[in-house]
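Trainee: Contents of final-v4.pdb (PDB, C-alpha atoms):
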MODEL        1
ATOM      1  CA  MET A   1       0.000   0.000   0.000
ATOM      2  CA  ALA A   2       2.742   2.382   0.994
ATOM      3  CA  THR A   3       4.712   1.655  -2.164
ATOM      4  CA  GLN A   4       1.616   2.177  -4.345
ATOM      5  CA  ALA A   5       1.043   5.593  -2.842
ATOM      6  CA  ALA A   6       4.705   6.504  -3.372
ATOM      7  CA  PHE A   7       4.457   5.504  -7.019
ATOM      8  CA  LEU A   8       1.278   7.531  -7.526
ATOM      9  CA  GLY A   9       2.924  10.460  -5.810
ATOM     10  CA  SER A  10       5.817  10.372  -8.229
ATOM     11  CA  THR A  11       3.519  10.204 -11.273
ATOM     12  CA  LEU A  12       1.508  13.214 -10.003
ATOM     13  CA  LEU A  13       4.717  15.193  -9.748
ATOM     14  CA  SER A  14       6.124  13.825 -12.983
ATOM     15  CA  PRO A  15       5.098  16.280 -15.758
ATOM     16  CA  LYS A  16       7.179  19.254 -14.536
ATOM     17  CA  LEU A  17       9.906  17.175 -12.930
ATOM     18  CA  ASP A  18      10.100  14.877 -15.915
ATOM     19  CA  SER A  19      10.507  17.634 -18.514
ATOM     20  CA  SER A  20      13.187  19.415 -16.498
ATOM     21  CA  LEU A  21      14.948  16.098 -15.946
ATOM     22  CA  ARG A  22      14.711  15.390 -19.656
ATOM     23  CA  ARG A  23      16.176  18.807 -20.420
ATOM     24  CA  SER A  24      19.089  18.349 -18.047
ATOM     25  CA  ASN A  25      19.608  14.775 -19.263
ATOM     26  CA  ARG A  26      19.722  16.012 -22.837
ATOM     27  CA  LEU A  27      22.494  18.410 -21.865
ATOM     28  CA  LYS A  28      24.332  15.781 -19.864
ATOM     29  CA  THR A  29      24.277  13.167 -22.619
ATOM     30  CA  ARG A  30      26.067  15.442 -25.117
ATOM     31  CA  ALA A  31      29.414  13.738 -25.071
ATOM     32  CA  GLN A  32      31.179  16.174 -27.401
ATOM     33  CA  VAL A  33      31.100  19.951 -27.638
ATOM     34  CA  ASP A  34      30.940  21.279 -31.220
ATOM     35  CA  PRO A  35      34.210  22.764 -32.519
ATOM     36  CA  SER A  36      34.321  26.566 -32.690
ATOM     37  CA  ASP A  37      33.254  28.238 -35.948
ATOM     38  CA  LYS A  38      36.680  29.826 -36.161
ATOM     39  CA  SER A  39      38.446  26.447 -36.144
ATOM     40  CA  VAL A  40      36.038  25.005 -38.700
ATOM     41  CA  GLU A  41      36.728  27.991 -40.960
ATOM     42  CA  ILE A  42      40.481  27.595 -40.517
ATOM     43  CA  MET A  43      40.362  23.893 -41.378
ATOM     44  CA  ARG A  44      38.015  24.554 -44.292
ATOM     45  CA  LYS A  45      40.459  27.063 -45.778
ATOM     46  CA  PHE A  46      43.377  24.727 -45.109
ATOM     47  CA  SER A  47      41.577  21.833 -46.845
ATOM     48  CA  GLU A  48      40.818  23.934 -49.941
ATOM     49  CA  GLN A  49      44.370  25.256 -50.133
ATOM     50  CA  TYR A  50      45.991  21.849 -49.586
ATOM     51  CA  ALA A  51      43.736  20.165 -52.152
ATOM     52  CA  ARG A  52      44.811  22.797 -54.701
ATOM     53  CA  LYS A  53      48.473  22.464 -53.785
ATOM     54  CA  SER A  54      48.494  18.651 -53.883
ATOM     55  CA  GLY A  55      46.307  18.298 -56.963
ATOM     56  CA  THR A  56      43.688  16.295 -55.058
ATOM     57  CA  TYR A  57      39.896  16.602 -54.983
ATOM     58  CA  PHE A  58      37.140  16.348 -52.422
ATOM     59  CA  CYS A  59      34.839  13.351 -52.274
ATOM     60  CA  VAL A  60      31.712  13.275 -54.484
ATOM     61  CA  ASP A  61      29.817  13.087 -51.201
ATOM     62  CA  LYS A  62      30.562  16.411 -49.511
ATOM     63  CA  GLY A  63      29.177  14.986 -46.281
ATOM     64  CA  VAL A  64      32.365  12.956 -45.944
ATOM     65  CA  THR A  65      34.499  16.058 -46.478
ATOM     66  CA  SER A  66      32.404  18.024 -43.978
ATOM     67  CA  VAL A  67      32.654  15.437 -41.212
ATOM     68  CA  VAL A  68      36.422  15.193 -41.597
ATOM     69  CA  ILE A  69      36.858  18.989 -41.565
ATOM     70  CA  LYS A  70      34.746  19.205 -38.430
ATOM     71  CA  GLY A  71      36.774  16.422 -36.836
ATOM     72  CA  LEU A  72      40.006  18.240 -37.623
ATOM     73  CA  ALA A  73      38.594  21.465 -36.143
ATOM     74  CA  ASP A  74      37.560  19.585 -33.015
ATOM     75  CA  HIS A  75      41.057  18.183 -32.491
ATOM     76  CA  LYS A  76      42.574  21.587 -33.157
ATOM     77  CA  ASP A  77      40.395  23.025 -30.399
ATOM     78  CA  SER A  78      40.952  20.232 -27.895
ATOM     79  CA  LEU A  79      44.580  19.249 -28.587
ATOM     80  CA  GLY A  80      46.078  22.316 -30.249
ATOM     81  CA  ALA A  81      46.778  20.502 -33.517
ATOM     82  CA  PRO A  82      44.513  18.927 -36.195
ATOM     83  CA  LEU A  83      45.196  15.288 -35.465
ATOM     84  CA  CYS A  84      43.668  12.913 -38.012
ATOM     85  CA  PRO A  85      40.046  12.374 -36.857
ATOM     86  CA  CYS A  86      39.712   8.972 -38.513
ATOM     87  CA  ARG A  87      42.091   7.087 -36.254
ATOM     88  CA  HIS A  88      42.203   5.795 -32.697
ATOM     89  CA  TYR A  89      45.024   6.846 -30.394
ATOM     90  CA  ASP A  90      46.240   5.637 -27.007
ATOM     91  CA  ASP A  91      47.952   8.921 -26.158
ATOM     92  CA  LYS A  92      46.711  11.891 -28.156
ATOM     93  CA  ALA A  93      49.121  14.377 -26.609
ATOM     94  CA  ALA A  94      52.108  12.217 -27.589
ATOM     95  CA  GLU A  95      50.744  11.807 -31.115
ATOM     96  CA  VAL A  96      50.425  15.590 -31.437
ATOM     97  CA  GLY A  97      53.961  16.051 -30.148
ATOM     98  CA  GLN A  98      55.452  13.498 -32.514
ATOM     99  CA  GLY A  99      53.421  14.781 -35.485
ATOM    100  CA  PHE A 100      53.009  11.743 -37.754
ATOM    101  CA  TRP A 101      49.211  12.060 -37.771
ATOM    102  CA  ASN A 102      48.980  15.867 -37.728
ATOM    103  CA  CYS A 103      47.030  16.830 -40.848
ATOM    104  CA  PRO A 104      48.417  16.690 -43.484
ATOM    105  CA  CYS A 105      49.698  13.370 -42.147
ATOM    106  CA  VAL A 106      52.878  11.658 -43.333
ATOM    107  CA  PRO A 107      51.096   9.149 -45.651
ATOM    108  CA  MET A 108      49.307  12.083 -47.318
ATOM    109  CA  ARG A 109      52.383  14.303 -47.560
ATOM    110  CA  GLU A 110      54.602  11.566 -48.978
ATOM    111  CA  ARG A 111      52.242   9.191 -50.812
ATOM    112  CA  LYS A 112      49.029  11.209 -51.281
ATOM    113  CA  GLU A 113      47.173   8.523 -49.308
ATOM    114  CA  CYS A 114      44.340  10.024 -47.250
ATOM    115  CA  HIS A 115      42.295   7.261 -45.634
ATOM    116  CA  CYS A 116      39.794   9.861 -44.325
ATOM    117  CA  MET A 117      38.833  10.459 -47.941
ATOM    118  CA  LEU A 118      39.358  14.188 -47.470
ATOM    119  CA  PHE A 119      41.982  14.511 -50.229
ATOM    120  CA  LEU A 120      41.458  12.148 -53.174
ATOM    121  CA  THR A 121      43.712  11.725 -56.177
ATOM    122  CA  PRO A 122      41.915  12.127 -59.545
ATOM    123  CA  ASP A 123      42.176   8.400 -60.289
ATOM    124  CA  ASN A 124      40.192   7.563 -57.149
ATOM    125  CA  ASP A 125      36.666   6.245 -57.861
ATOM    126  CA  PHE A 126      35.160   8.555 -55.203
ATOM    127  CA  ALA A 127      36.982  11.730 -56.232
ATOM    128  CA  GLY A 128      34.708  14.579 -57.313
ATOM    129  CA  GLN A 129      35.584  17.542 -59.504
ATOM    130  CA  GLU A 130      35.785  20.153 -56.767
ATOM    131  CA  GLN A 131      38.544  21.551 -54.609
ATOM    132  CA  THR A 132      36.255  23.916 -52.754
ATOM    133  CA  ILE A 133      33.650  23.631 -50.009
ATOM    134  CA  THR A 134      31.654  26.378 -48.320
ATOM    135  CA  LEU A 135      30.990  26.789 -44.606
ATOM    136  CA  ASP A 136      27.261  26.450 -45.339
ATOM    137  CA  GLU A 137      27.829  23.093 -46.999
ATOM    138  CA  ILE A 138      29.754  21.903 -43.943
ATOM    139  CA  LYS A 139      27.099  23.137 -41.510
ATOM    140  CA  GLU A 140      24.276  21.604 -43.520
ATOM    141  CA  ALA A 141      25.993  18.250 -43.911
ATOM    142  CA  THR A 142      26.944  17.986 -40.240
ATOM    143  CA  SER A 143      23.705  19.341 -38.751
ATOM    144  CA  LYS A 144      21.954  16.079 -39.457
ATOM    145  CA  LEU A 145      24.363  14.142 -37.205
TER     146      LEU A 145
ATOM    147  CA  MET B 146      48.382   1.546  -8.778
ATOM    148  CA  THR B 147      45.672   2.707  -6.430
ATOM    149  CA  SER B 148      45.239   2.480  -2.711
ATOM    150  CA  CYS B 149      42.142   3.489  -0.889
ATOM    151  CA  ALA B 150      41.761   4.108   2.786
ATOM    152  CA  THR B 151      38.259   4.490   4.122
ATOM    153  CA  THR B 152      37.854   6.596   7.210
ATOM    154  CA  PRO B 153      34.454   5.883   8.679
ATOM    155  CA  SER B 154      32.937   8.875  10.384
ATOM    156  CA  THR B 155      31.314   8.566  13.780
ATOM    157  CA  LEU B 156      27.531   8.694  13.684
ATOM    158  CA  PRO B 157      24.770   8.316  16.170
ATOM    159  CA  PHE B 158      23.477   4.774  16.228
ATOM    160  CA  SER B 159      20.458   4.425  13.966
ATOM    161  CA  PRO B 160      17.739   2.166  15.413
ATOM    162  CA  LEU B 161      16.338   1.429  11.910
ATOM    163  CA  ARG B 162      19.551  -0.258  10.995
ATOM    164  CA  CYS B 163      19.529  -2.465  14.090
ATOM    165  CA  VAL B 164      19.358  -6.080  12.971
ATOM    166  CA  SER B 165      18.409  -8.877  15.346
ATOM    167  CA  PRO B 166      21.133 -11.478  15.644
ATOM    168  CA  PHE B 167      18.459 -14.110  14.923
ATOM    169  CA  HIS B 168      17.185 -12.473  11.733
ATOM    170  CA  PRO B 169      18.368 -14.238   8.533
ATOM    171  CA  THR B 170      19.281 -10.912   6.899
ATOM    172  CA  ARG B 171      22.049 -10.487   9.429
ATOM    173  CA  PHE B 172      24.257 -12.284   6.911
ATOM    174  CA  LEU B 173      23.383  -9.796   4.174
ATOM    175  CA  ASN B 174      23.850  -6.641   6.212
ATOM    176  CA  SER B 175      26.986  -5.397   7.808
ATOM    177  CA  PRO B 176      26.943  -5.821  11.627
ATOM    178  CA  PHE B 177      27.820  -2.115  11.947
ATOM    179  CA  PRO B 178      25.481   0.755  11.082
ATOM    180  CA  ARG B 179      26.684   2.102   7.755
ATOM    181  CA  PRO B 180      26.676   5.860   7.264
ATOM    182  CA  SER B 181      25.190   7.225   4.016
ATOM    183  CA  ILE B 182      27.503   7.851   1.074
ATOM    184  CA  SER B 183      27.590  11.623   1.605
ATOM    185  CA  GLN B 184      28.666  11.129   5.194
ATOM    186  CA  ARG B 185      31.442   8.631   4.542
ATOM    187  CA  GLY B 186      34.974   9.935   4.443
ATOM    188  CA  PHE B 187      37.192   8.643   1.690
ATOM    189  CA  SER B 188      40.752   9.202   0.820
ATOM    190  CA  CYS B 189      42.061   7.731  -2.341
ATOM    191  CA  HIS B 190      45.589   7.819  -3.592
ATOM    192  CA  VAL B 191      45.742   7.385  -7.330
ATOM    193  CA  ALA B 192      48.928   7.239  -9.314
ATOM    194  CA  VAL B 193      48.582   9.989 -11.920
ATOM    195  CA  SER B 194      50.610   9.001 -14.902
ATOM    196  CA  SER B 195      50.214   8.618 -18.626
ATOM    197  CA  ASP B 196      48.363   5.619 -19.978
ATOM    198  CA  ILE B 197      50.412   2.510 -19.263
ATOM    199  CA  SER B 198      49.612   0.938 -22.622
ATOM    200  CA  SER B 199      51.399   3.763 -24.481
ATOM    201  CA  SER B 200      54.632   3.368 -22.496
ATOM    202  CA  VAL B 201      57.431   1.473 -24.179
ATOM    203  CA  THR B 202      59.644  -1.163 -22.571
ATOM    204  CA  SER B 203      63.399  -0.670 -22.566
ATOM    205  CA  GLU B 204      63.653  -3.829 -24.693
ATOM    206  CA  GLU B 205      61.528  -2.277 -27.427
ATOM    207  CA  GLU B 206      63.568   0.921 -27.290
ATOM    208  CA  ALA B 207      66.828  -1.012 -27.570
ATOM    209  CA  GLU B 208      65.438  -3.044 -30.486
ATOM    210  CA  ALA B 209      64.449   0.145 -32.293
ATOM    211  CA  ALA B 210      67.800   1.806 -31.558
ATOM    212  CA  ALA B 211      69.673  -1.197 -32.993
ATOM    213  CA  LYS B 212      67.995  -0.712 -36.378
ATOM    214  CA  ILE B 213      69.127   2.890 -36.791
ATOM    215  CA  GLY B 214      71.926   3.302 -39.300
ATOM    216  CA  LYS B 215      71.250  -0.020 -41.057
ATOM    217  CA  LYS B 216      71.390   0.023 -44.851
ATOM    218  CA  VAL B 217      68.204  -0.949 -46.630
ATOM    219  CA  ARG B 218      66.842  -1.358 -50.128
ATOM    220  CA  VAL B 219      63.232  -0.685 -51.098
ATOM    221  CA  THR B 220      61.592  -3.810 -52.510
ATOM    222  CA  VAL B 221      58.182  -2.532 -53.622
ATOM    223  CA  PRO B 222      57.085   0.093 -56.167
ATOM    224  CA  LEU B 223      56.707   3.173 -54.003
ATOM    225  CA  LYS B 224      55.901   6.610 -55.366
ATOM    226  CA  VAL B 225      56.557   9.662 -53.230
ATOM    227  CA  TYR B 226      55.502  13.196 -54.059
ATOM    228  CA  HIS B 227      57.095  15.308 -51.361
ATOM    229  CA  VAL B 228      60.493  15.881 -52.966
ATOM    230  CA  MET B 229      60.579  19.334 -54.539
ATOM    231  CA  LYS B 230      63.359  18.587 -56.998
ATOM    232  CA  ILE B 231      61.915  15.245 -58.105
ATOM    233  CA  PRO B 232      58.109  15.647 -58.327
ATOM    234  CA  ASP B 233      57.228  12.015 -59.012
ATOM    235  CA  LEU B 234      59.813   9.715 -57.503
ATOM    236  CA  ASP B 235      59.693   5.906 -57.438
ATOM    237  CA  LEU B 236      61.856   4.542 -54.627
ATOM    238  CA  CYS B 237      61.788   0.912 -55.790
ATOM    239  CA  GLY B 238      65.288  -0.552 -55.853
ATOM    240  CA  LEU B 239      66.891   2.478 -54.204
ATOM    241  CA  GLU B 240      69.185   2.076 -51.233
ATOM    242  CA  GLY B 241      69.226   4.187 -48.118
ATOM    243  CA  ALA B 242      69.879   4.111 -44.381
ATOM    244  CA  ILE B 243      67.406   4.034 -41.494
ATOM    245  CA  LYS B 244      67.530   7.395 -39.762
ATOM    246  CA  GLN B 245      64.832   7.045 -37.139
ATOM    247  CA  TYR B 246      62.161   4.721 -35.762
ATOM    248  CA  VAL B 247      59.239   7.109 -35.289
ATOM    249  CA  ALA B 248      56.838   4.713 -33.527
ATOM    250  CA  ILE B 249      58.636   5.399 -30.255
ATOM    251  CA  TRP B 250      58.738   9.016 -29.128
ATOM    252  CA  LYS B 251      59.990  10.080 -25.688
ATOM    253  CA  GLY B 252      59.368   6.598 -24.321
ATOM    254  CA  LYS B 253      55.797   6.490 -25.617
ATOM    255  CA  ARG B 254      54.250   4.341 -28.322
ATOM    256  CA  ILE B 255      52.988   6.195 -31.381
ATOM    257  CA  THR B 256      50.500   4.628 -33.796
ATOM    258  CA  ALA B 257      52.516   5.523 -36.897
ATOM    259  CA  ASN B 258      51.995   2.856 -39.565
ATOM    260  CA  LEU B 259      55.156   3.832 -41.491
ATOM    261  CA  PRO B 260      57.607   3.762 -38.597
ATOM    262  CA  PHE B 261      60.963   3.602 -40.431
ATOM    263  CA  LYS B 262      62.340   6.968 -41.534
ATOM    264  CA  VAL B 263      64.894   6.205 -44.238
ATOM    265  CA  GLU B 264      67.330   8.632 -45.826
ATOM    266  CA  PHE B 265      68.172   8.272 -49.514
ATOM    267  CA  LEU B 266      70.837  10.153 -51.457
ATOM    268  CA  ILE B 267      69.602  10.417 -55.023
ATOM    269  CA  PRO B 268      71.744  11.791 -57.836
ATOM    270  CA  VAL B 269      69.992  14.400 -59.965
ATOM    271  CA  GLU B 270      70.909  15.556 -63.448
ATOM    272  CA  GLY B 271      72.469  18.990 -63.562
ATOM    273  CA  GLN B 272      73.605  18.817 -59.928
ATOM    274  CA  ASP B 273      76.903  17.689 -58.397
ATOM    275  CA  LYS B 274      75.503  16.932 -54.980
ATOM    276  CA  PRO B 275      72.873  14.180 -54.648
ATOM    277  CA  VAL B 276      69.461  15.168 -53.321
ATOM    278  CA  LYS B 277      68.748  14.061 -49.745
ATOM    279  CA  VAL B 278      65.310  12.393 -49.525
ATOM    280  CA  LEU B 279      63.668  11.317 -46.272
ATOM    281  CA  ALA B 280      60.803   8.836 -46.603
ATOM    282  CA  HIS B 281      58.761   6.793 -44.133
ATOM    283  CA  LEU B 282      58.528   3.072 -44.841
ATOM    284  CA  ARG B 283      56.842  -0.022 -43.436
ATOM    285  CA  GLU B 284      58.846  -3.079 -42.410
ATOM    286  CA  ASP B 285      57.614  -5.109 -45.385
ATOM    287  CA  GLU B 286      58.588  -2.482 -47.967
ATOM    288  CA  PHE B 287      62.337  -2.884 -47.649
ATOM    289  CA  GLU B 288      65.074  -5.441 -47.024
ATOM    290  CA  TYR B 289      68.332  -5.082 -45.143
ATOM    291  CA  VAL B 290      71.479  -4.757 -47.261
ATOM    292  CA  ASP B 291      74.820  -6.113 -46.018
TER     293      ASP B 291
ENDMDL
END
Before we go any further, please render this structure as structure tokens.

Mentor:
Amino acid sequence: MATQAAFLGSTLLSPKLDSSLRRSNRLKTRAQVDPSDKSVEIMRKFSEQYARKSGTYFCVDKGVTSVVIKGLADHKDSLGAPLCPCRHYDDKAAEVGQGFWNCPCVPMRERKECHCMLFLTPDNDFAGQEQTITLDEIKEATSKL
Amino acid sequence: MTSCATTPSTLPFSPLRCVSPFHPTRFLNSPFPRPSISQRGFSCHVAVSSDISSSVTSEEEAEAAAKIGKKVRVTVPLKVYHVMKIPDLDLCGLEGAIKQYVAIWKGKRITANLPFKVEFLIPVEGQDKPVKVLAHLREDEFEYVD
């Protein structure tokens, strides 16, 4: 009997309590803060410039390009350097210090191999025709995530 | 390495927590009244250090150091694009020396997948001095030369 009353009591209180709980839970479950607009813009400009310089092209699916650029911006904000966002690291600070995976990474610089599919050589099946991407395109493609 | 020392705080005896010695739940509950979490004192000593898995053993470091200076020859077709004077360079068949093992940096393991930094001296037409080229290679892309 006592437990039934307690349960009813909680349901009577629930609408207000529930929505505020839901709101705070929503905030708490955001595991990652979005990178700053400034960093995204910096990495966007870098990507365009490096694609031009290396003679590579963005993916036909600009969503791929957008996610990678955002990932680079996020690492730039959190670690100080744009560490490759498509890899797993045991010690990110050490990786940044050593520099192998700082974009443009060694495989890209030396062999033009970008496994993130950010910079694609013209012979690649997924390479598009463009070496440019706008901030709006990035925001639109990543807003759906 | 962690060590925890719990320092139970003194609390007035709570009658609700009193369990009869003949009650079967005496085996489930602690014989002492337990204070609530917020009232318990805890001191924890935690070793703050970098992730153990990224630390390198001295054996691994010695193994890597032994390889430096060894002469190698590239055994696979390998195009590199980072040499200014030679825009499209194929390293296959070229000989060089291992300069550095980059997968170990300040005693930590790095996830570099091309860990051997090899130096090549490549003669170029119209130049007396050969061009110095540094390239990163995998273990299966070269062989040791006597």

Trainee: Within 10 Å of chain B, which residues of chain A show up when using only C-alpha atoms, listed as a PyMOL selection string?

Mentor: chain A and resi 54+87-101+105-112

Trainee: Quick one, how far is CA of Gly63 in chain A from CA of Asn102 in chain A?

Mentor: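 Straight-line distance from CA of Gly63 in chain A to CA of Asn102 in chain A works out to 21.6 Å.
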
Trainee: Just the number, please: distance in Å from CA of Lys139 in chain A to CA of Asp77 in chain A, one decimal.

Mentor: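 Interatomic distance here is 17.3 Å.
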
Trainee: When distances are computed from all atoms listed in the file, which of A:Val60, A:Cys103, A:Ile133, A:Met117 shows the smallest separation from His75 in chain A?

Mentor: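 Closest candidate: A:Cys103.
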
Trainee: List as a list of chain:residue names the protein and nucleic acid residues near Ala127 in chain A, meaning an atom at most 8 Å away when all atoms listed in the file are counted, but skip any in the same chain fewer than 6 places from it.

Mentor: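 Selected residues are A:Tyr57, A:Phe58, A:Cys59, A:Val60, A:Leu120, A:Thr121.
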
Trainee: Quick check, in Å to one decimal: how far apart do CA of Lys215 in chain B and CA of Ser203 in chain B lie?

Mentor: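 Value for the CA of Lys215 in chain B-CA of Ser203 in chain B distance: 20.1 Å.
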
Trainee: Apply the PyMOL selection byres ((chain B and resi 276) around 10) to the file shown and report the selected residues as a list in words.

Mentor: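 When the PyMOL selection byres ((chain B and resi 276) around 10) is applied to the shown file, the picked residues are Val228, Met229, Lys230, Ile231, Phe265, Leu266, Ile267, Pro268, Val269, Gln272, Asp273, Lys274, Pro275, Lys277, Val278 and Leu279 of chain B.
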
Trainee: On this file, the PyMOL selection byres ((chain A and resi 138) around 12) gives some set of residues; write that set as a compact mmCIF listing (two decimals) with C-alpha atoms, in the frame of the given file.

Mentor:
# COMPACT_ATOMS: atom_id res chain seq x y z
CA ASP A 37 33.25 28.24 -35.95
CA VAL A 40 36.04 25.00 -38.70
CA GLU A 41 36.73 27.99 -40.96
CA MET A 43 40.36 23.89 -41.38
CA ARG A 44 38.02 24.55 -44.29
CA ASP A 61 29.82 13.09 -51.20
CA LYS A 62 30.56 16.41 -49.51
CA GLY A 63 29.18 14.99 -46.28
CA VAL A 64 32.36 12.96 -45.94
CA THR A 65 34.50 16.06 -46.48
CA SER A 66 32.40 18.02 -43.98
CA VAL A 67 32.65 15.44 -41.21
CA VAL A 68 36.42 15.19 -41.60
CA ILE A 69 36.86 18.99 -41.56
CA LYS A 70 34.75 19.20 -38.43
CA GLY A 71 36.77 16.42 -36.84
CA ALA A 73 38.59 21.46 -36.14
CA THR A 132 36.26 23.92 -52.75
CA ILE A 133 33.65 23.63 -50.01
CA THR A 134 31.65 26.38 -48.32
CA LEU A 135 30.99 26.79 -44.61
CA ASP A 136 27.26 26.45 -45.34
CA GLU A 137 27.83 23.09 -47.00
CA LYS A 139 27.10 23.14 -41.51
CA GLU A 140 24.28 21.60 -43.52
CA ALA A 141 25.99 18.25 -43.91
CA THR A 142 26.94 17.99 -40.24
CA SER A 143 23.70 19.34 -38.75
CA LYS A 144 21.95 16.08 -39.46
CA LEU A 145 24.36 14.14 -37.20

Trainee: Under the PyMOL selection byres ((chain B and resi 285) around 10), which residues of this model are included? Write them out as a ChimeraX atom specification.

Mentor: /B:219-221,282-284,286-288

Trainee: Ranking A:Gln49, A:Cys114, A:Asp74, A:Cys84 by minimum distance to Glu130 in chain A and counting only C-alpha atoms, which one comes first?

Mentor: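 Of all the options, A:Gln49 lies closest to Glu130 in chain A.
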
Trainee: Between B:Ala207, B:Val290, B:Ile213, B:Val263, which has the minimum distance to Leu236 in chain B (counting only C-alpha atoms)?

Mentor: B:Val263

Trainee: Between B:Ala210, B:Thr202, B:Gly271, B:Pro222, which one has atoms that come closest to Gly238 in chain B, using all atoms listed in the file?

Mentor: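 Among the listed residues, B:Pro222 lies closest to Gly238 in chain B.
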